[in-house]
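Listing of data_1.cif, mmCIF, C-alpha atoms and all ligand atoms
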```cif
data_coords
loop_
_atom_site.label_atom_id
_atom_site.label_comp_id
_atom_site.auth_asym_id
_atom_site.auth_seq_id
_atom_site.Cartn_x
_atom_site.Cartn_y
_atom_site.Cartn_z
CA GLU A 1 109.34 145.99 103.97
CA ALA A 2 108.28 148.97 101.90
CA CYS A 3 104.63 149.16 101.03
CA ALA A 4 102.63 151.48 98.80
CA LYS A 5 100.21 154.03 100.13
CA VAL A 6 96.67 152.70 99.82
CA ILE A 7 94.39 154.89 97.74
CA ASP A 8 91.16 154.44 99.66
CA GLY A 9 88.33 154.67 97.15
CA LYS A 10 85.70 153.67 99.66
CA ALA A 11 86.55 156.50 102.06
CA THR A 12 86.96 159.02 99.22
CA ALA A 13 83.62 158.02 97.72
CA LYS A 14 81.97 158.44 101.12
CA GLN A 15 83.39 161.91 101.44
CA ILE A 16 82.17 162.81 97.94
CA ARG A 17 78.69 161.50 98.74
CA GLU A 18 78.63 163.71 101.83
CA GLU A 19 79.61 166.72 99.73
CA ILE A 20 76.87 165.86 97.23
CA ALA A 21 74.24 165.44 99.98
CA ILE A 22 75.03 168.94 101.24
CA GLU A 23 74.67 170.41 97.76
CA VAL A 24 71.44 168.50 97.11
CA SER A 25 69.84 169.91 100.25
CA ARG A 26 71.17 173.40 99.52
CA MET A 27 69.49 173.24 96.11
CA MET A 28 66.26 171.90 97.63
CA ASP A 29 66.22 174.73 100.19
CA ALA A 30 67.05 177.44 97.66
CA ILE A 31 64.88 176.53 94.67
CA GLY A 32 62.86 173.47 95.72
CA VAL A 33 64.41 171.19 93.10
CA VAL A 34 65.35 167.57 93.79
CA PRO A 35 67.83 166.03 91.30
CA GLY A 36 66.40 162.94 89.61
CA LEU A 37 68.07 159.90 88.03
CA ALA A 38 66.20 157.44 85.80
CA VAL A 39 67.63 153.92 85.54
CA ILE A 40 66.49 151.52 82.85
CA LEU A 41 67.21 147.83 83.30
CA VAL A 42 66.31 145.30 80.62
CA GLY A 43 66.47 141.59 81.32
CA ASP A 44 67.37 139.70 84.48
CA ARG A 45 71.14 139.53 84.67
CA LYS A 46 71.97 139.21 88.34
CA ASP A 47 75.06 141.41 88.19
CA SER A 48 73.13 144.18 86.39
CA ALA A 49 70.32 143.97 88.96
CA THR A 50 72.89 144.34 91.75
CA TYR A 51 74.49 147.38 90.09
CA VAL A 52 71.06 149.00 89.63
CA ARG A 53 70.11 148.30 93.25
CA ASN A 54 73.38 149.84 94.45
CA LYS A 55 72.89 152.92 92.30
CA LYS A 56 69.37 153.36 93.63
CA LYS A 57 70.53 153.02 97.23
CA ALA A 58 73.33 155.52 96.63
CA CYS A 59 70.81 158.01 95.19
CA GLU A 60 68.64 157.69 98.28
CA SER A 61 71.63 158.19 100.56
CA VAL A 62 72.29 161.67 99.13
CA GLY A 63 68.70 162.78 98.51
CA ILE A 64 68.62 162.23 94.75
CA LYS A 65 65.28 160.84 93.53
CA SER A 66 65.56 157.68 91.46
CA PHE A 67 63.10 156.46 88.85
CA GLU A 68 63.49 152.80 88.03
CA VAL A 69 62.20 150.90 85.01
CA ASN A 70 62.57 147.12 84.90
CA LEU A 71 61.72 145.52 81.58
CA PRO A 72 61.69 141.82 80.66
CA GLU A 73 64.44 140.29 78.53
CA ASN A 74 62.15 139.99 75.47
CA THR A 75 61.21 143.70 75.42
CA GLN A 76 61.31 145.31 71.98
CA GLU A 77 63.85 148.04 71.39
CA GLU A 78 61.06 150.53 70.53
CA GLU A 79 59.63 150.06 74.00
CA VAL A 80 62.96 151.01 75.56
CA LEU A 81 63.22 154.00 73.22
CA LYS A 82 59.77 155.14 74.35
CA PHE A 83 60.87 155.14 77.98
CA ILE A 84 64.01 157.08 77.08
CA GLU A 85 61.96 159.68 75.17
CA GLY A 86 59.63 160.02 78.14
CA PHE A 87 62.54 160.63 80.49
CA ASN A 88 64.17 162.99 78.00
CA GLU A 89 61.07 165.19 78.29
CA ASP A 90 60.45 164.77 82.01
CA PRO A 91 61.74 167.85 83.89
CA ALA A 92 62.00 165.85 87.14
CA VAL A 93 64.61 163.61 85.50
CA HIS A 94 68.11 165.10 85.16
CA GLY A 95 70.04 161.93 84.37
CA ILE A 96 69.18 158.84 82.33
CA LEU A 97 71.13 155.63 82.65
CA VAL A 98 70.62 152.52 80.56
CA GLN A 99 72.22 149.60 82.35
CA LEU A 100 74.53 147.70 79.98
CA PRO A 101 74.79 145.15 78.53
CA LEU A 102 71.44 145.21 76.74
CA PRO A 103 69.92 141.94 75.49
CA SER A 104 71.55 140.83 72.25
CA HIS A 105 68.48 141.55 70.07
CA MET A 106 68.86 145.26 70.81
CA ASN A 107 71.13 147.72 69.13
CA GLU A 108 73.14 149.28 71.93
CA GLN A 109 74.22 152.12 69.67
CA SER A 110 70.74 153.30 68.75
CA VAL A 111 69.54 153.01 72.35
CA LEU A 112 72.45 155.06 73.73
CA ASN A 113 72.04 157.60 70.93
CA ALA A 114 68.45 158.20 72.06
CA VAL A 115 69.51 159.59 75.45
CA SER A 116 69.44 163.39 75.46
CA ILE A 117 72.97 164.84 75.63
CA GLU A 118 71.90 167.02 78.56
CA LYS A 119 70.88 163.92 80.53
CA ASP A 120 73.67 161.55 79.47
CA VAL A 121 75.12 161.16 82.99
CA ASP A 122 76.92 157.97 81.95
CA GLY A 123 78.80 160.01 79.33
CA PHE A 124 78.42 157.25 76.71
CA HIS A 125 76.77 159.32 73.99
CA PRO A 126 79.14 159.48 71.00
CA LEU A 127 78.91 163.28 71.01
CA ASN A 128 80.18 163.37 74.58
CA ILE A 129 82.97 160.89 73.81
CA GLY A 130 83.86 162.89 70.70
CA ARG A 131 84.09 166.12 72.66
CA LEU A 132 86.23 164.35 75.25
CA ALA A 133 88.71 163.51 72.49
CA MET A 134 88.82 167.01 70.99
CA ARG A 135 90.94 169.90 72.14
CA GLY A 136 88.95 172.96 73.17
CA ARG A 137 85.68 171.05 73.48
CA GLU A 138 83.94 170.17 76.71
CA PRO A 139 81.84 167.01 77.05
CA SER A 140 78.58 167.52 78.97
CA PHE A 141 79.49 164.46 81.02
CA VAL A 142 82.49 162.17 81.39
CA PRO A 143 82.01 158.40 81.90
CA CYS A 144 81.85 157.61 85.61
CA THR A 145 84.52 154.92 86.05
CA PRO A 146 87.38 156.78 84.32
CA LYS A 147 86.26 160.02 85.97
CA GLY A 148 86.47 158.23 89.32
CA CYS A 149 90.03 157.12 88.53
CA ILE A 150 91.14 160.70 87.82
CA GLU A 151 89.27 162.03 90.86
CA LEU A 152 91.25 159.61 93.05
CA LEU A 153 94.53 160.89 91.56
CA HIS A 154 93.44 164.50 92.20
CA ARG A 155 92.29 163.90 95.75
CA TYR A 156 95.54 162.13 96.59
CA ASN A 157 97.53 165.03 95.08
CA ILE A 158 99.17 162.82 92.48
CA ASP A 159 100.62 164.87 89.62
CA ILE A 160 99.44 163.87 86.17
CA LYS A 161 100.88 166.64 84.02
CA GLY A 162 103.96 165.53 82.10
CA LYS A 163 103.82 162.00 83.48
CA ARG A 164 103.95 158.81 81.46
CA ALA A 165 100.67 156.96 81.80
CA VAL A 166 99.86 153.49 80.55
CA VAL A 167 96.24 152.41 80.30
CA ILE A 168 95.75 148.68 79.93
CA GLY A 169 92.46 148.05 78.10
CA ARG A 170 90.67 150.12 75.45
CA SER A 171 86.96 149.54 76.08
CA ASN A 172 84.49 152.30 75.29
CA ILE A 173 83.39 152.52 78.90
CA VAL A 174 86.72 152.45 80.75
CA GLY A 175 90.05 152.15 78.96
CA MET A 176 89.53 154.53 76.04
CA PRO A 177 87.91 157.38 77.99
CA ALA A 178 90.47 156.93 80.81
CA ALA A 179 93.27 157.46 78.29
CA LEU A 180 91.53 160.53 76.83
CA LEU A 181 91.07 162.02 80.30
CA LEU A 182 94.74 161.47 81.20
CA GLN A 183 95.70 163.15 77.94
CA ARG A 184 93.49 166.13 78.75
CA GLU A 185 95.42 166.34 82.03
CA ASP A 186 98.67 166.55 80.02
CA ALA A 187 99.97 163.05 80.64
CA THR A 188 101.73 161.24 77.79
CA ILE A 189 99.60 158.18 77.22
CA THR A 190 100.15 154.70 75.89
CA ILE A 191 97.29 152.25 75.50
CA VAL A 192 98.03 148.57 75.89
CA HIS A 193 95.49 146.00 74.64
CA SER A 194 95.18 142.32 73.78
CA ARG A 195 97.23 142.71 70.58
CA THR A 196 100.09 144.60 72.21
CA PRO A 197 103.40 142.75 72.23
CA ASN A 198 105.67 143.53 75.21
CA ALA A 199 102.82 144.70 77.44
CA GLU A 200 105.04 144.14 80.46
CA GLU A 201 107.93 146.17 79.13
CA ILE A 202 105.68 149.07 78.11
CA THR A 203 103.81 149.08 81.39
CA ARG A 204 107.10 149.17 83.30
CA GLN A 205 107.78 152.63 81.83
CA ALA A 206 104.67 154.13 83.38
CA ASP A 207 104.52 156.64 86.21
CA ILE A 208 100.77 156.02 86.33
CA ILE A 209 99.10 152.70 85.46
CA ILE A 210 95.37 152.34 84.94
CA ALA A 211 94.47 148.68 84.53
CA ALA A 212 91.03 147.93 83.01
CA VAL A 213 91.31 144.47 81.52
CA GLY A 214 89.17 141.95 83.37
CA ARG A 215 91.97 139.40 83.99
CA ALA A 216 92.72 138.51 87.59
CA ASN A 217 96.22 139.48 88.78
CA MET A 218 97.55 140.00 85.24
CA VAL A 219 99.84 142.89 86.16
CA ARG A 220 102.64 141.41 88.24
CA GLY A 221 105.14 143.23 90.42
CA SER A 222 107.74 142.96 87.64
CA TRP A 223 105.48 145.11 85.39
CA VAL A 224 105.67 148.06 87.78
CA LYS A 225 108.31 150.79 87.82
CA PRO A 226 109.44 151.53 91.39
CA GLY A 227 107.35 154.43 92.68
CA ALA A 228 104.59 154.15 90.08
CA VAL A 229 100.97 154.89 90.97
CA ILE A 230 98.46 152.13 90.22
CA ILE A 231 94.72 152.50 89.67
CA ASP A 232 93.19 149.04 89.39
CA VAL A 233 89.75 149.05 87.75
CA GLY A 234 89.43 145.29 87.34
CA ILE A 235 86.81 143.35 89.27
CA ASN A 236 87.40 139.63 88.88
CA PRO A 237 85.86 136.78 90.86
CA VAL A 238 88.35 134.05 91.79
CA GLU A 239 87.69 130.84 93.72
CA ASP A 240 88.23 131.15 97.44
CA ALA A 241 87.32 128.23 99.69
CA LYS A 242 87.82 130.40 102.80
CA ASN A 243 85.05 132.77 101.68
CA SER A 244 81.46 131.76 102.49
CA LYS A 245 80.41 132.62 98.93
CA GLY A 246 83.15 130.36 97.55
CA TYR A 247 84.79 133.23 95.71
CA LYS A 248 86.40 136.61 96.29
CA LEU A 249 86.99 139.65 94.10
CA VAL A 250 90.46 140.63 92.94
CA GLY A 251 91.76 143.28 90.57
CA ASP A 252 93.73 143.12 87.34
CA VAL A 253 96.86 143.87 89.35
CA CYS A 254 98.56 141.36 91.62
CA TYR A 255 98.20 143.52 94.72
CA ASP A 256 100.60 141.70 97.02
CA GLU A 257 103.44 141.98 94.51
CA ALA A 258 102.64 145.44 93.14
CA CYS A 259 102.25 147.13 96.52
CA LYS A 260 105.90 146.36 97.24
CA VAL A 261 107.02 148.30 94.16
CA ALA A 262 104.43 151.05 93.66
CA SER A 263 104.22 154.28 95.65
CA ALA A 264 100.40 154.22 95.75
CA ILE A 265 97.76 151.67 94.76
CA THR A 266 93.99 151.18 94.85
CA PRO A 267 92.69 148.00 96.50
CA VAL A 268 89.99 145.74 95.05
CA PRO A 269 87.36 145.90 96.40
CA GLY A 270 87.27 149.38 97.92
CA GLY A 271 89.14 151.24 95.18
CA VAL A 272 87.59 152.39 91.92
CA GLY A 273 84.27 150.56 92.41
CA PRO A 274 82.73 152.94 94.97
CA MET A 275 84.06 155.94 93.03
CA THR A 276 82.08 154.96 89.94
CA ILE A 277 78.77 155.36 91.76
CA ALA A 278 79.91 158.58 93.46
CA MET A 279 80.70 160.05 90.02
CA LEU A 280 77.25 159.04 88.76
CA LEU A 281 75.67 160.98 91.64
CA SER A 282 77.98 163.90 90.94
CA ASN A 283 77.04 163.94 87.24
CA THR A 284 73.34 163.84 88.15
CA LEU A 285 73.73 166.78 90.53
CA THR A 286 75.66 168.70 87.87
CA SER A 287 72.89 168.05 85.37
CA ALA A 288 70.18 169.30 87.75
CA ARG A 289 72.21 172.41 88.49
CA ARG A 290 72.62 173.16 84.81
CA ALA A 291 68.93 172.57 84.09
CA HIS A 292 68.01 175.17 86.72
CA ASP A 293 71.04 177.41 86.32
CA PHE A 294 71.80 176.88 90.00
CA ARG A 295 75.36 177.44 91.18
P1 LIG B 1 86.26 144.87 78.29
O1 LIG B 1 86.25 143.39 78.27
O2 LIG B 1 85.26 145.63 77.54
O3 LIG B 1 87.70 145.38 77.80
C1 LIG B 1 88.87 144.73 78.22
C2 LIG B 1 90.06 145.35 77.54
O4 LIG B 1 91.22 144.66 77.99
C3 LIG B 1 90.03 145.24 76.02
O5 LIG B 1 90.42 146.45 75.46
C4 LIG B 1 91.03 144.12 75.72
O6 LIG B 1 91.75 144.30 74.51
C5 LIG B 1 92.00 144.27 76.87
N1 LIG B 1 92.70 143.01 77.12
C6 LIG B 1 92.18 141.77 77.21
N2 LIG B 1 93.13 140.87 77.45
C7 LIG B 1 94.30 141.55 77.49
C8 LIG B 1 95.66 141.17 77.67
N3 LIG B 1 96.01 139.92 77.87
N4 LIG B 1 96.58 142.14 77.66
C9 LIG B 1 96.25 143.43 77.47
N5 LIG B 1 94.99 143.85 77.28
C10 LIG B 1 94.04 142.91 77.29
O7 LIG B 1 86.25 145.25 79.85
P2 LIG B 1 85.83 146.62 80.58
O8 LIG B 1 86.69 147.72 80.12
O9 LIG B 1 84.38 146.78 80.54
O10 LIG B 1 86.20 146.24 82.09
C11 LIG B 1 87.52 145.92 82.47
C12 LIG B 1 87.53 145.48 83.92
O11 LIG B 1 87.07 146.55 84.74
C13 LIG B 1 86.62 144.30 84.24
O12 LIG B 1 87.23 143.52 85.25
C14 LIG B 1 85.37 144.95 84.80
O13 LIG B 1 84.68 144.09 85.68
C15 LIG B 1 85.95 146.13 85.50
N6 LIG B 1 85.05 147.26 85.64
C16 LIG B 1 85.01 147.88 86.85
C17 LIG B 1 84.22 149.00 87.03
C18 LIG B 1 84.24 149.67 88.36
O14 LIG B 1 83.34 150.40 88.69
N7 LIG B 1 85.29 149.49 89.16
C19 LIG B 1 83.36 149.53 85.97
C20 LIG B 1 83.53 148.84 84.70
C21 LIG B 1 84.34 147.75 84.56
P3 LIG B 1 91.04 144.27 73.06
O15 LIG B 1 90.41 145.62 72.91
O16 LIG B 1 92.17 144.05 72.14
O17 LIG B 1 90.04 143.16 73.10
#
```

For this file, produce the structure as structure tokens.
Amino acid sequence: EACAKVIDGKATAKQIREEIAIEVSRMMDAIGVVPGLAVILVGDRKDSATYVRNKKKACESVGIKSFEVNLPENTQEEEVLKFIEGFNEDPAVHGILVQLPLPSHMNEQSVLNAVSIEKDVDGFHPLNIGRLAMRGREPSFVPCTPKGCIELLHRYNIDIKGKRAVVIGRSNIVGMPAALLLQREDATITIVHSRTPNAEEITRQADIIIAAVGRANMVRGSWVKPGAVIIDVGINPVEDAKNSKGYKLVGDVCYDEACKVASAITPVPGGVGPMTIAMLLSNTLTSARRAHDFR
């Protein structure tokens, strides 16, 4: 039975981390600068704490210095803004990341706006998103998850130019910037969202599918054009009695069905997830290089 090529995000991310580690030590040797990433976590969401811990570990693994701030749930917004301003001015910090979601009493928009454009390694500042959407403009940074999706396509030599791409989901952090990036790469894009009728029919026209919905196994085999390439961003816990934790993680795409139709597909876990962190490290290195004009 035919089966799609597996796009191995875990292995690709490992390779990228090795490339970054080499560059980090080259910079250290040449000019004595260590790239630094500041991570601000507010509240005690378990998933957020795990993401922050993983980001910190990844920094250490490539020689990037991490600065961590953990603030209680009831912290005032001004307090968070003070930390951001401090990091904006700190020359040892080249990237600033505010772990989302913030507690509901905070205004996410004003917090993200406070991050200096030069240090916006998450790429969420509206100026960076605006530049991403405009022809002839270059964002300082591109959001990590969509950047990781495109990097996988590049490293697997998958043509984007002139292809039909369907992005399912339009969130500010994944779907929308993923669509903008594909457009910059000369794909013809369609965005499918919760109010789209005929999502299946539209998706079936795609040469490239990026699924970023948050609904387990939503994209069935029948949604996939034979030979299409699938990047599955979704991370969804589903009950699994065989697993010691009682659950397992699956994507937005029904892998077992889709892999019989697609030409290439990312697994979950081990697909886009590890790429997101690799792109964060890459953005932080880029920022440090720019700050010191080091090539
Ligand atoms: P959001 O909930 O912010 O956005 C989901 C999007 O999917 C929305 O645009 C929504 O449409 C759309 N949608 C919802 N239901 C349907 C439907 N039935 N048909 C079509 N579209 C639908 O999620 P995120 O973008 O933040 O995340 C998406 C998934 O990616 C999640 O599983 C998340 O865990 C995962 N993720 C993975 C990352 C990684 O590193 N691999 C990083 C970030 C997220 P509408 O706009 O109309 O509401």

Please find the residues contacting ligand LIG 1 (chain B) at a distance of at most 6 Å between atoms, with only C-alpha atoms and all ligand atoms counted, and report them as a PyMOL selection string. chain A and resi 145+168-171+173-175+192-195+212-214+233-236+272-273+276

Atom pair CA of Ile210 in chain A / CA of Pro237 in chain A: separation (Å): 19.2 Å

Check the smallest atom-to-atom distance from each of A:Leu97, A:Ala92, A:Met218, A:Met27 to Asp232 in chain A using all atoms listed in the file, then report the winner.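 Among the listed residues, A:Met218 lies closest to Asp232 in chain A.
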
If we count all atoms listed in the file, what is near range 248-262 of chain A at a cut-off of 12 Å, once residues fewer than 5 positions away on the same chain are taken out, given as a PyMOL selection string? chain A and resi 1-7+167-169+203-204+206-243+267-273

Would you mind telling me which residue in A:Phe141, A:Lys119, A:Pro126, A:Ala178 lies nearest to Asp90 in chain A when using all atoms listed in the file? A:Lys119

Tell me, as a count of residues only, which residues lie within 8 Å of Gly123 in chain A, counting all atoms listed in the file; anything in the same chain fewer than 4 positions away does not count. 8

For CA of Arg295 in chain A and CA of Ser61 in chain A, the interatomic separation in Å (one decimal): 21.7 Å

Show which residues sit within 9 Å of Lys56 in chain A, as number ranges by chain. Count only C-alpha atoms, and ignore same-chain residues fewer than 3 positions away. A: 37, 39, 51-53, 59-61, 64-68

Coordinates-based distance that separates CA of Val69 in chain A from CA of Phe124 in chain A (Å, one decimal):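 Calculated distance between CA of Phe124 in chain A and CA of Val69 in chain A is 19.3 Å.
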
Residue nearest Ile189 in chain A among A:Ala165, A:Val98, A:Val42, A:Ile277 (counting only C-alpha atoms):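 Checking each of A:Ala165, A:Val98, A:Val42, A:Ile277 against Ile189 in chain A, counting only C-alpha atoms, the winner is A:Ala165.
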
Please give the centre and size of the box around range 200-212 of chain A (axis-aligned, containing every atom listed in the file, 3 Å added per side), with values in Å to one decimal and written as JSON.
```
{"center_x": 99.5, "center_y": 150.4, "center_z": 82.2, "size_x": 22.9, "size_y": 18.5, "size_z": 14.2}
```

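Of the residues under consideration (A:Arg155, A:Lys57, A:His94, A:Lys82), A:His94 shows the shortest atom-to-atom contact distance to Ala291 in chain A when counting all atoms listed in the file.
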
Of the candidates A:Gly32, A:Gly9, A:Pro101, A:Pro91, which shows the shortest atom-to-atom distance to Met275 in chain A, using all atoms listed in the file?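 Looking at the shortest contact to Met275 in chain A, the residue is A:Gly9.
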
Using only C-alpha atoms, can you tell me which of A:Val115, A:Leu181, A:Val93, A:Ile31 comes closest to Gly148 in chain A?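 Closest to Gly148 in chain A, using only C-alpha atoms: A:Leu181.
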
Where atoms are missing, can you supply all heavy atoms for range 56-66 of chain A and output the lot as a tab-separated table (two decimals), in the coordinates of the input?
```
chain	number	residue	atom	x	y	z
A	56	LYS	N	70.59	152.83	93.03
A	56	LYS	CA	69.37	153.36	93.63
A	56	LYS	C	69.59	153.71	95.11
A	56	LYS	O	69.21	154.78	95.57
A	56	LYS	CB	68.28	152.29	93.51
A	56	LYS	CG	66.90	152.85	93.31
A	56	LYS	CD	65.89	151.74	93.13
A	56	LYS	CE	64.63	152.10	93.89
A	56	LYS	NZ	63.64	151.04	93.86
A	57	LYS	N	70.25	152.79	95.81
A	57	LYS	CA	70.53	153.02	97.23
A	57	LYS	C	71.41	154.25	97.41
A	57	LYS	O	71.20	155.07	98.31
A	57	LYS	CB	71.26	151.80	97.83
A	57	LYS	CG	70.33	150.83	98.54
A	57	LYS	CD	71.10	149.96	99.53
A	57	LYS	CE	72.02	148.99	98.82
A	57	LYS	NZ	72.59	147.94	99.66
A	58	ALA	N	72.41	154.38	96.53
A	58	ALA	CA	73.33	155.52	96.63
A	58	ALA	C	72.57	156.82	96.39
A	58	ALA	O	72.81	157.82	97.08
A	58	ALA	CB	74.46	155.36	95.61
A	59	CYS	N	71.64	156.83	95.44
A	59	CYS	CA	70.81	158.01	95.19
A	59	CYS	C	70.08	158.40	96.46
A	59	CYS	O	70.12	159.56	96.91
A	59	CYS	CB	69.78	157.74	94.09
A	59	CYS	SG	70.45	157.78	92.43
A	60	GLU	N	69.40	157.42	97.06
A	60	GLU	CA	68.64	157.69	98.28
A	60	GLU	C	69.53	158.28	99.36
A	60	GLU	O	69.13	159.21	100.07
A	60	GLU	CB	68.01	156.40	98.81
A	60	GLU	CG	66.73	156.01	98.08
A	60	GLU	CD	66.34	154.56	98.32
A	60	GLU	OE1	66.84	153.95	99.30
A	60	GLU	OE2	65.54	154.04	97.52
A	61	SER	N	70.75	157.77	99.47
A	61	SER	CA	71.63	158.19	100.56
A	61	SER	C	72.03	159.66	100.45
A	61	SER	O	72.44	160.25	101.43
A	61	SER	CB	72.88	157.30	100.61
A	61	SER	OG	73.81	157.70	99.62
A	62	VAL	N	71.92	160.25	99.27
A	62	VAL	CA	72.29	161.67	99.13
A	62	VAL	C	71.09	162.56	98.82
A	62	VAL	O	71.24	163.76	98.61
A	62	VAL	CB	73.37	161.89	98.04
A	62	VAL	CG1	74.65	161.16	98.39
A	62	VAL	CG2	72.87	161.48	96.66
A	63	GLY	N	69.89	161.98	98.76
A	63	GLY	CA	68.70	162.78	98.51
A	63	GLY	C	68.35	162.98	97.05
A	63	GLY	O	67.52	163.81	96.71
A	64	ILE	N	68.98	162.19	96.17
A	64	ILE	CA	68.62	162.23	94.75
A	64	ILE	C	67.45	161.26	94.54
A	64	ILE	O	67.44	160.16	95.10
A	64	ILE	CB	69.82	161.82	93.86
A	64	ILE	CG1	70.89	162.92	93.88
A	64	ILE	CG2	69.38	161.52	92.43
A	64	ILE	CD1	72.16	162.58	93.10
A	65	LYS	N	66.44	161.71	93.77
A	65	LYS	CA	65.28	160.84	93.53
A	65	LYS	C	65.61	159.89	92.39
A	65	LYS	O	66.15	160.30	91.37
A	65	LYS	CB	64.07	161.71	93.17
A	65	LYS	CG	62.77	160.95	93.07
A	65	LYS	CD	61.60	161.95	93.01
A	65	LYS	CE	60.32	161.34	92.51
A	65	LYS	NZ	59.90	160.09	93.16
A	66	SER	N	65.29	158.61	92.57
A	66	SER	CA	65.56	157.68	91.46
A	66	SER	C	64.26	157.15	90.88
A	66	SER	O	63.27	156.94	91.59
A	66	SER	CB	66.46	156.54	91.91
A	66	SER	OG	65.84	155.76	92.89
```
